[in-house]
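Raw final-v2.txt, compact mmCIF, C-alpha atoms and all ligand atoms:
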```txt
# COMPACT_ATOMS: atom_id res chain seq x y z
CA MET V 1 0.00 0.00 0.00
CA LYS V 2 1.38 3.41 -1.05
CA LEU V 3 0.29 6.96 -0.38
CA LYS V 4 -0.23 8.89 -3.62
CA ILE V 5 0.77 12.54 -3.54
CA ALA V 6 0.11 15.13 -6.27
CA ILE V 7 2.54 18.03 -6.59
CA GLN V 8 2.96 20.79 -9.16
CA LYS V 9 4.83 19.64 -12.26
CA SER V 10 6.57 22.96 -12.75
CA GLY V 11 6.00 26.48 -11.48
CA ARG V 12 6.09 28.37 -8.22
CA LEU V 13 5.39 25.42 -5.88
CA HIS V 14 7.40 22.68 -7.58
CA ASP V 15 10.84 23.21 -6.05
CA ASP V 16 9.60 23.90 -2.51
CA SER V 17 7.34 20.82 -2.61
CA ILE V 18 10.27 18.58 -3.58
CA LYS V 19 12.47 20.30 -0.99
CA LEU V 20 9.90 19.67 1.76
CA LEU V 21 9.74 15.96 0.92
CA LYS V 22 13.56 15.81 0.93
CA GLU V 23 13.68 17.54 4.33
CA CYS V 24 11.25 14.87 5.55
CA GLY V 25 13.88 12.32 4.59
CA ILE V 26 11.99 11.15 1.50
CA ASP V 27 14.10 10.48 -1.59
CA ILE V 28 12.38 10.85 -4.92
CA ASN V 29 14.26 10.63 -8.18
CA ASN V 30 12.53 13.31 -10.13
CA GLY V 31 13.54 12.38 -13.68
CA VAL V 32 13.18 15.08 -16.33
CA ASN V 33 9.72 15.03 -17.95
CA LYS V 34 8.59 12.12 -15.80
CA LEU V 35 4.98 12.56 -14.67
CA LYS V 36 5.02 9.85 -12.05
CA THR V 37 7.71 8.54 -9.74
CA GLU V 38 8.15 6.65 -6.48
CA ALA V 39 10.08 7.38 -3.33
CA SER V 40 12.86 4.92 -2.66
CA ASN V 41 12.61 5.00 1.15
CA PHE V 42 8.93 5.79 1.95
CA PRO V 43 5.75 4.21 0.56
CA LEU V 44 4.96 7.28 -1.55
CA GLU V 45 4.00 7.59 -5.20
CA VAL V 46 4.37 11.09 -6.66
CA PHE V 47 2.25 12.52 -9.51
CA PHE V 48 3.42 15.71 -11.22
CA LEU V 49 0.40 17.76 -12.33
CA ARG V 50 -0.84 21.23 -13.29
CA ASP V 51 -1.78 22.88 -10.01
CA ASP V 52 -5.34 23.63 -11.24
CA ASP V 53 -6.04 19.90 -11.54
CA ILE V 54 -4.78 18.88 -8.10
CA PRO V 55 -7.99 19.59 -6.06
CA GLN V 56 -10.08 17.46 -8.46
CA TYR V 57 -7.64 14.56 -8.26
CA ILE V 58 -7.82 14.68 -4.48
CA GLU V 59 -11.61 15.01 -4.36
CA ASP V 60 -11.87 11.91 -6.54
CA GLY V 61 -9.31 9.98 -4.49
CA VAL V 62 -7.07 9.50 -7.55
CA ALA V 63 -4.43 11.19 -5.41
CA ASP V 64 -4.66 10.66 -1.63
CA ILE V 65 -2.96 13.95 -0.82
CA GLY V 66 -1.51 16.93 -2.65
CA ILE V 67 0.44 20.14 -2.26
CA VAL V 68 -1.39 23.13 -3.72
CA GLY V 69 -2.09 26.81 -3.04
CA GLU V 70 -5.10 27.56 -0.82
CA ASN V 71 -6.16 29.99 -3.54
CA VAL V 72 -6.57 27.08 -5.99
CA VAL V 73 -8.42 24.93 -3.45
CA LEU V 74 -10.93 27.75 -2.82
CA GLU V 75 -11.34 28.62 -6.49
CA LYS V 76 -11.98 25.02 -7.56
CA LYS V 77 -14.50 24.44 -4.74
CA LYS V 78 -13.58 20.78 -4.47
CA GLN V 79 -14.22 18.69 -1.36
CA VAL V 80 -10.78 18.22 0.13
CA ASN V 81 -9.46 18.23 3.64
CA ILE V 82 -6.80 20.88 4.34
CA VAL V 83 -4.52 19.15 6.84
CA GLU V 84 -1.51 21.45 7.14
CA LYS V 85 -0.32 24.88 6.04
CA LEU V 86 3.18 24.51 4.65
CA GLY V 87 4.69 27.98 5.05
CA PHE V 88 5.76 28.51 1.42
CA GLY V 89 4.06 29.88 -1.70
CA LYS V 90 2.87 32.81 0.38
CA CYS V 91 0.96 35.36 -1.66
CA ARG V 92 -2.30 37.27 -1.69
CA LEU V 93 -5.11 37.55 -4.19
CA SER V 94 -5.72 41.25 -4.68
CA MET V 95 -7.77 43.72 -6.65
CA ALA V 96 -5.65 46.22 -8.57
CA VAL V 97 -6.51 49.20 -10.74
CA PRO V 98 -4.49 51.55 -12.98
CA LYS V 99 -2.52 54.13 -11.00
CA SER V 100 -4.68 56.93 -12.38
CA PHE V 101 -7.92 55.30 -11.12
CA GLU V 102 -9.23 57.34 -8.18
CA TYR V 103 -10.12 54.50 -5.87
CA ASN V 104 -11.93 55.17 -2.60
CA GLY V 105 -13.45 51.80 -1.77
CA VAL V 106 -15.03 48.59 -3.07
CA GLN V 107 -18.08 50.52 -4.33
CA ASP V 108 -15.81 52.05 -6.98
CA LEU V 109 -15.68 48.62 -8.64
CA GLN V 110 -19.43 48.90 -9.39
CA ASN V 111 -20.10 48.37 -13.13
CA THR V 112 -16.41 47.82 -13.95
CA ARG V 113 -14.92 44.96 -15.96
CA ILE V 114 -12.56 42.88 -13.81
CA ALA V 115 -10.06 40.50 -15.44
CA THR V 116 -9.04 37.49 -13.35
CA SER V 117 -8.11 33.82 -13.33
CA TYR V 118 -10.15 33.47 -10.12
CA PRO V 119 -13.79 34.07 -11.22
CA VAL V 120 -15.35 32.07 -8.38
CA ILE V 121 -13.47 33.86 -5.59
CA VAL V 122 -13.98 37.27 -7.22
CA ASP V 123 -17.71 36.63 -7.65
CA GLU V 124 -18.03 35.73 -3.95
CA PHE V 125 -16.04 38.81 -2.95
CA LEU V 126 -18.22 41.14 -5.05
CA LYS V 127 -21.44 39.57 -3.76
CA ARG V 128 -20.21 39.94 -0.18
CA HIS V 129 -19.74 43.66 -0.84
CA ASN V 130 -22.96 44.12 -2.86
CA VAL V 131 -21.02 45.18 -5.92
CA THR V 132 -22.06 44.28 -9.46
CA ALA V 133 -19.25 44.00 -11.99
CA GLU V 134 -18.45 42.07 -15.13
CA ILE V 135 -15.92 39.30 -14.51
CA HIS V 136 -13.65 38.56 -17.46
CA GLU V 137 -11.96 35.21 -16.99
CA ILE V 138 -8.48 34.91 -18.47
CA SER V 139 -5.92 32.23 -17.69
CA GLY V 140 -2.72 34.26 -17.44
CA SER V 141 -0.92 37.58 -18.01
CA VAL V 142 -3.80 39.18 -16.15
CA GLU V 143 -1.81 42.32 -15.33
CA ILE V 144 -1.79 43.52 -18.94
CA ALA V 145 -5.61 43.48 -19.22
CA PRO V 146 -6.20 47.14 -18.24
CA GLY V 147 -3.33 48.32 -20.46
CA ILE V 148 -4.85 46.72 -23.56
CA GLY V 149 -8.39 47.88 -22.88
CA LEU V 150 -9.72 44.49 -21.82
CA ALA V 151 -10.67 45.48 -18.29
CA ASP V 152 -10.86 48.38 -15.81
CA ALA V 153 -9.46 46.39 -12.90
CA ILE V 154 -7.85 43.03 -12.23
CA CYS V 155 -7.77 40.46 -9.46
CA ASP V 156 -4.57 38.43 -9.39
CA LEU V 157 -1.89 36.98 -7.16
CA VAL V 158 0.60 39.40 -5.67
CA SER V 159 3.71 38.77 -3.65
CA SER V 160 6.40 41.46 -4.03
CA GLY V 161 4.06 43.71 -6.04
CA SER V 162 6.65 44.17 -8.79
CA THR V 163 4.44 42.74 -11.56
CA LEU V 164 1.70 45.23 -10.64
CA PHE V 165 4.20 48.08 -10.50
CA MET V 166 5.72 47.23 -13.87
CA ASN V 167 2.27 47.27 -15.41
CA GLY V 168 1.25 50.63 -13.96
CA LEU V 169 -1.23 49.15 -11.49
CA LYS V 170 -1.87 49.70 -7.77
CA GLU V 171 -3.19 47.19 -5.27
CA VAL V 172 -6.47 48.34 -3.70
CA GLU V 173 -8.08 45.35 -1.94
CA THR V 174 -6.77 42.10 -0.49
CA VAL V 175 -9.34 39.46 -1.32
CA LEU V 176 -7.50 36.48 0.13
CA LYS V 177 -4.21 35.52 1.75
CA SER V 178 -2.79 32.23 0.62
CA GLU V 179 0.03 29.76 1.07
CA ALA V 180 0.76 26.20 -0.03
CA VAL V 181 -1.20 23.58 1.91
CA LEU V 182 -1.26 19.83 2.22
CA ALA V 183 -4.74 18.71 1.17
CA ALA V 184 -6.12 15.20 1.59
CA TYR V 185 -8.90 12.99 0.23
CA HIS V 186 -11.91 12.88 2.57
CA HIS V 187 -12.23 9.09 2.67
CA LEU V 188 -8.69 7.80 3.17
CA GLN V 189 -8.35 4.11 4.04
CA PRO V 190 -7.00 3.50 7.58
CA GLU V 191 -3.65 2.38 6.16
CA GLN V 192 -3.31 5.56 4.10
CA SER V 193 -4.34 7.68 7.08
CA LYS V 194 -1.52 6.06 9.03
CA LEU V 195 0.96 6.92 6.28
CA LEU V 196 -0.39 10.48 6.17
CA ASP V 197 0.10 10.78 9.95
CA LYS V 198 3.66 9.57 9.53
CA LEU V 199 4.34 12.15 6.83
CA LEU V 200 2.60 14.90 8.86
CA PHE V 201 4.72 14.09 11.88
CA ARG V 202 7.84 14.68 9.78
CA ILE V 203 6.46 17.84 8.15
CA GLN V 204 5.64 19.32 11.55
CA ALA V 205 9.14 18.51 12.84
CA VAL V 206 10.66 20.25 9.80
CA LYS V 207 8.36 23.29 10.21
CA LYS V 208 9.09 23.64 13.94
CA ALA V 209 12.82 23.39 13.30
CA LYS V 210 12.60 26.21 10.75
CA ASN V 211 10.83 28.45 13.27
CA ASN V 212 13.39 27.86 16.00
CA LYS V 213 17.12 28.35 16.56
CA TYR V 214 19.51 26.59 18.90
CA VAL V 215 21.40 29.12 21.02
CA LEU V 216 24.63 28.53 22.97
CA LEU V 217 26.21 31.18 25.15
CA ASN V 218 28.69 31.68 27.96
CA ALA V 219 27.47 33.22 31.20
CA PRO V 220 29.28 34.34 34.35
CA ASN V 221 27.83 32.28 37.20
CA ASP V 222 26.73 35.35 39.15
CA LYS V 223 24.49 36.33 36.19
CA LEU V 224 23.25 32.81 35.52
CA GLN V 225 19.83 33.13 37.17
CA GLU V 226 19.00 36.32 35.30
CA ILE V 227 20.15 34.83 31.97
CA ILE V 228 18.24 31.58 32.52
CA SER V 229 15.08 33.55 33.29
CA LEU V 230 15.29 35.13 29.82
CA LEU V 231 15.43 31.77 28.05
CA PRO V 232 12.45 29.53 27.37
CA GLY V 233 14.19 26.29 26.20
CA MET V 234 12.21 23.20 25.22
CA LYS V 235 11.89 22.16 28.87
CA SER V 236 14.40 24.42 30.55
CA PRO V 237 17.85 25.55 29.40
CA THR V 238 20.83 23.19 29.66
CA VAL V 239 23.60 24.57 31.90
CA LEU V 240 27.11 23.08 31.81
CA PRO V 241 30.22 24.26 33.65
CA LEU V 242 32.98 25.79 31.51
CA ALA V 243 36.64 24.80 32.02
CA GLU V 244 37.22 28.33 33.33
CA ALA V 245 35.99 28.63 36.93
CA GLY V 246 33.02 30.94 37.54
CA TRP V 247 31.57 30.50 34.02
CA SER V 248 28.86 28.29 32.54
CA SER V 249 27.72 27.36 29.05
CA VAL V 250 23.96 27.74 28.54
CA HIS V 251 22.08 26.01 25.69
CA SER V 252 18.52 26.75 24.69
CA VAL V 253 16.00 26.91 21.84
CA LEU V 254 14.54 30.25 20.75
CA ASN V 255 11.57 30.96 18.54
CA GLU V 256 12.36 33.02 15.43
CA ASN V 257 9.73 35.63 16.41
CA ASP V 258 11.22 36.62 19.79
CA PHE V 259 14.76 35.82 18.77
CA TRP V 260 16.33 39.30 18.37
CA ASP V 261 14.64 40.78 21.46
CA ILE V 262 15.87 37.92 23.65
CA ILE V 263 19.41 38.05 22.21
CA GLU V 264 19.59 41.77 23.05
CA SER V 265 18.44 41.15 26.62
CA LEU V 266 20.90 38.27 26.99
CA LYS V 267 23.79 40.48 25.94
CA ALA V 268 22.66 43.23 28.27
CA ALA V 269 22.50 40.67 31.10
CA GLY V 270 26.16 39.71 30.58
CA ALA V 271 26.04 36.75 28.18
CA GLN V 272 29.09 36.36 25.94
CA GLY V 273 30.09 34.28 22.90
CA ILE V 274 26.51 33.81 21.77
CA LEU V 275 26.24 31.20 18.99
CA VAL V 276 23.06 30.66 16.99
CA VAL V 277 22.70 27.38 15.13
CA PRO V 278 19.94 26.25 12.74
CA ILE V 279 17.94 23.20 13.82
CA GLU V 280 17.28 20.50 11.25
CA LYS V 281 14.38 18.65 12.87
CA MET V 282 12.48 19.32 16.09
CA VAL V 283 10.20 16.85 17.85
CA ILE V 284 8.51 17.99 21.03
N1 LIG H 1 4.35 35.59 -6.79
C1 LIG H 1 4.08 34.55 -6.02
N2 LIG H 1 4.70 34.38 -4.83
C2 LIG H 1 4.43 33.32 -4.06
N3 LIG H 1 3.54 32.37 -4.36
C3 LIG H 1 2.91 32.46 -5.52
C4 LIG H 1 3.15 33.55 -6.42
N4 LIG H 1 2.40 33.40 -7.50
C5 LIG H 1 1.73 32.26 -7.29
N5 LIG H 1 2.01 31.68 -6.11
C6 LIG H 1 1.46 30.43 -5.55
O1 LIG H 1 1.97 29.36 -6.33
C7 LIG H 1 0.90 28.67 -7.00
C8 LIG H 1 1.38 28.24 -8.38
O2 LIG H 1 1.72 29.39 -9.12
P1 LIG H 1 2.14 29.29 -10.64
O3 LIG H 1 2.32 30.67 -11.15
O4 LIG H 1 3.27 28.33 -10.79
O5 LIG H 1 0.80 28.63 -11.23
P2 LIG H 1 0.39 28.21 -12.68
O6 LIG H 1 1.04 29.09 -13.67
O7 LIG H 1 -1.10 28.15 -12.64
O8 LIG H 1 1.00 26.74 -12.78
P3 LIG H 1 0.51 25.43 -13.55
O9 LIG H 1 1.35 25.32 -14.76
O10 LIG H 1 0.80 24.28 -12.59
O11 LIG H 1 -0.97 25.55 -13.83
C9 LIG H 1 -0.25 29.68 -7.02
O12 LIG H 1 -1.52 29.06 -7.12
C10 LIG H 1 -0.06 30.37 -5.68
O13 LIG H 1 -0.60 29.59 -4.63
O1 LIG H 2 3.97 40.39 -6.92
P1 LIG H 2 5.00 39.62 -7.69
O2 LIG H 2 6.15 39.20 -6.85
O3 LIG H 2 5.41 40.33 -8.94
O4 LIG H 2 4.31 38.24 -8.13
C1 LIG H 2 3.07 38.20 -8.78
C2 LIG H 2 3.10 37.41 -10.04
O5 LIG H 2 3.49 36.06 -9.75
C3 LIG H 2 2.56 35.17 -10.34
O6 LIG H 2 2.88 34.84 -11.63
P2 LIG H 2 4.15 33.93 -12.00
O7 LIG H 2 5.39 34.75 -11.96
O8 LIG H 2 4.15 32.70 -11.16
O9 LIG H 2 3.91 33.58 -13.53
P3 LIG H 2 2.64 33.00 -14.28
O10 LIG H 2 1.79 34.20 -14.56
O11 LIG H 2 3.24 32.41 -15.51
O12 LIG H 2 1.96 31.98 -13.41
C4 LIG H 2 1.25 35.96 -10.34
O13 LIG H 2 0.32 35.47 -11.29
C5 LIG H 2 1.70 37.38 -10.61
O14 LIG H 2 1.72 37.65 -11.99
MG MG H 3 -2.26 26.71 -12.98
```
Give the structure from this file in structure tokens form.
Ligand SMILES: Nc1ncnc2c1ncn2[C@@H]1O[C@H](COP(=O)(O)OP(=O)(O)OP(=O)(O)O)[C@@H](O)[C@H]1O
Ligand SMILES: O=P(O)(O)OC[C@H]1O[C@H](OP(=O)(O)OP(=O)(O)O)[C@H](O)[C@@H]1O
Ligand SMILES: [Mg+2]
Amino acid sequence: MKLKIAIQKSGRLHDDSIKLLKECGIDINNGVNKLKTEASNFPLEVFFLRDDDIPQYIEDGVADIGIVGENVVLEKKKQVNIVEKLGFGKCRLSMAVPKSFEYNGVQDLQNTRIATSYPVIVDEFLKRHNVTAEIHEISGSVEIAPGIGLADAICDLVSSGSTLFMNGLKEVETVLKSEAVLAAYHHLQPEQSKLLDKLLFRIQAVKKAKNNKYVLLNAPNDKLQEIISLLPGMKSPTVLPLAEAGWSSVHSVLNENDFWDIIESLKAAGAQGILVVPIEKMVI
């Protein structure tokens, strides 16, 4: 029994999807132009697909799980179970208008023509705001639509905003925030559920490791209590005596979010020789 996973064949999510599987210790030989392959050290079969097709494959159980943007899951309206956010492919689906458009609020989209590859999500957004507009569905290069007279506004994915900028557009509404997710078939067999749990366990260990850093520092013993009180650690910090009398080495794990604030306080409290090391896997 194998777990079948669908990932993007090429495009924005392809490399990060493969990288995540590798970080989970799963080896897949991704031969050029191969549409299907198997992992050598985990019961996993990998299908390489267009991202638009992935939700349908999962709804039908042709693939047991898949890695796809939340934006695609919502647009396709397929019945899939979102089991984990993966922390990559972060972007937003936004409304944008030409720079010269005097935009004061959603009501200004009334009676406009909006070009998008996300007609379902845009329709829901407009209905929610009681705005009537004409949705023009196009499958790509959405940002040129206003420039060639096809539309007055667009709704497309944005990350750095440089594509909008280069096309003379400004972002005016965020419709949706998105990232890559692991989606699963609703009726997995118990054996496949077990394999999914195994994979999820590894994914969560990889994600936690990325959000945390291992910190080692030297502390004078008379400052030890103050320094320890600044450190969370997984249980509590490890304290080891240094060869030099009166000094200790303190080891701990810090979350990326509070990292810089805590480092500053540690230094102020007398810590020296602070080393910060990436963590590869973290199991709590
Ligand atoms: N600029 C971006 N920054 C980060 N993530 C993005 C960006 N653009 C798109 N994404 C995410 O990556 C997913 C895939 O984007 P991509 O542009 O490769 O799709 P595509 O052209 O439709 O690919 P396919 O050939 O598989 O149909 C999007 O659905 C979205 O979730
Ligand atoms: O805000 P930015 O950082 O400029 O990113 C936004 C662009 O990225 C995506 O396209 P992508 O580059 O994946 O190409 P595609 O249109 O061929 O899918 C998206 O459709 C935007 O056009
Ligand atoms: Mg696509």
Kindly work out which residues sit at most 7 Å from ligand MG 3 (chain H), using only C-alpha atoms and all ligand atoms, and give the list as a PyMOL selection string. chain V and resi 50-52
Got a sec: who's within 6 Å of V:Ala153, counting all atoms listed in the file, leaving out chain neighbours fewer than 2 positions off, as a ChimeraX atom specification? /V:96-97,114,151
Show me which residues line ligand LIG 1 (chain H), defined as having an atom within 10 Å of a ligand atom where only C-alpha atoms and all ligand atoms count, and present them as a PyMOL selection string. chain V and resi 7-14+48-54+67-73+75+88-93+117+139-141+156-163+177-181
For atom CA of V:Val120 and atom CA of V:Ile135, determine how far apart the two atoms are, in Å to one decimal place. 9.5 Å
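Minimum atom-to-atom distances from V:Glu264, V:Glu23, V:Val175, V:Pro241 to V:Ala209 were compared using all atoms listed in the file, and the lowest value belongs to V:Glu23.
If you measure from each of V:Leu109, V:Val239, V:Trp247, V:Ala205 to V:Gly25 using all atoms listed in the file, the closest one turns out to be V:Ala205.
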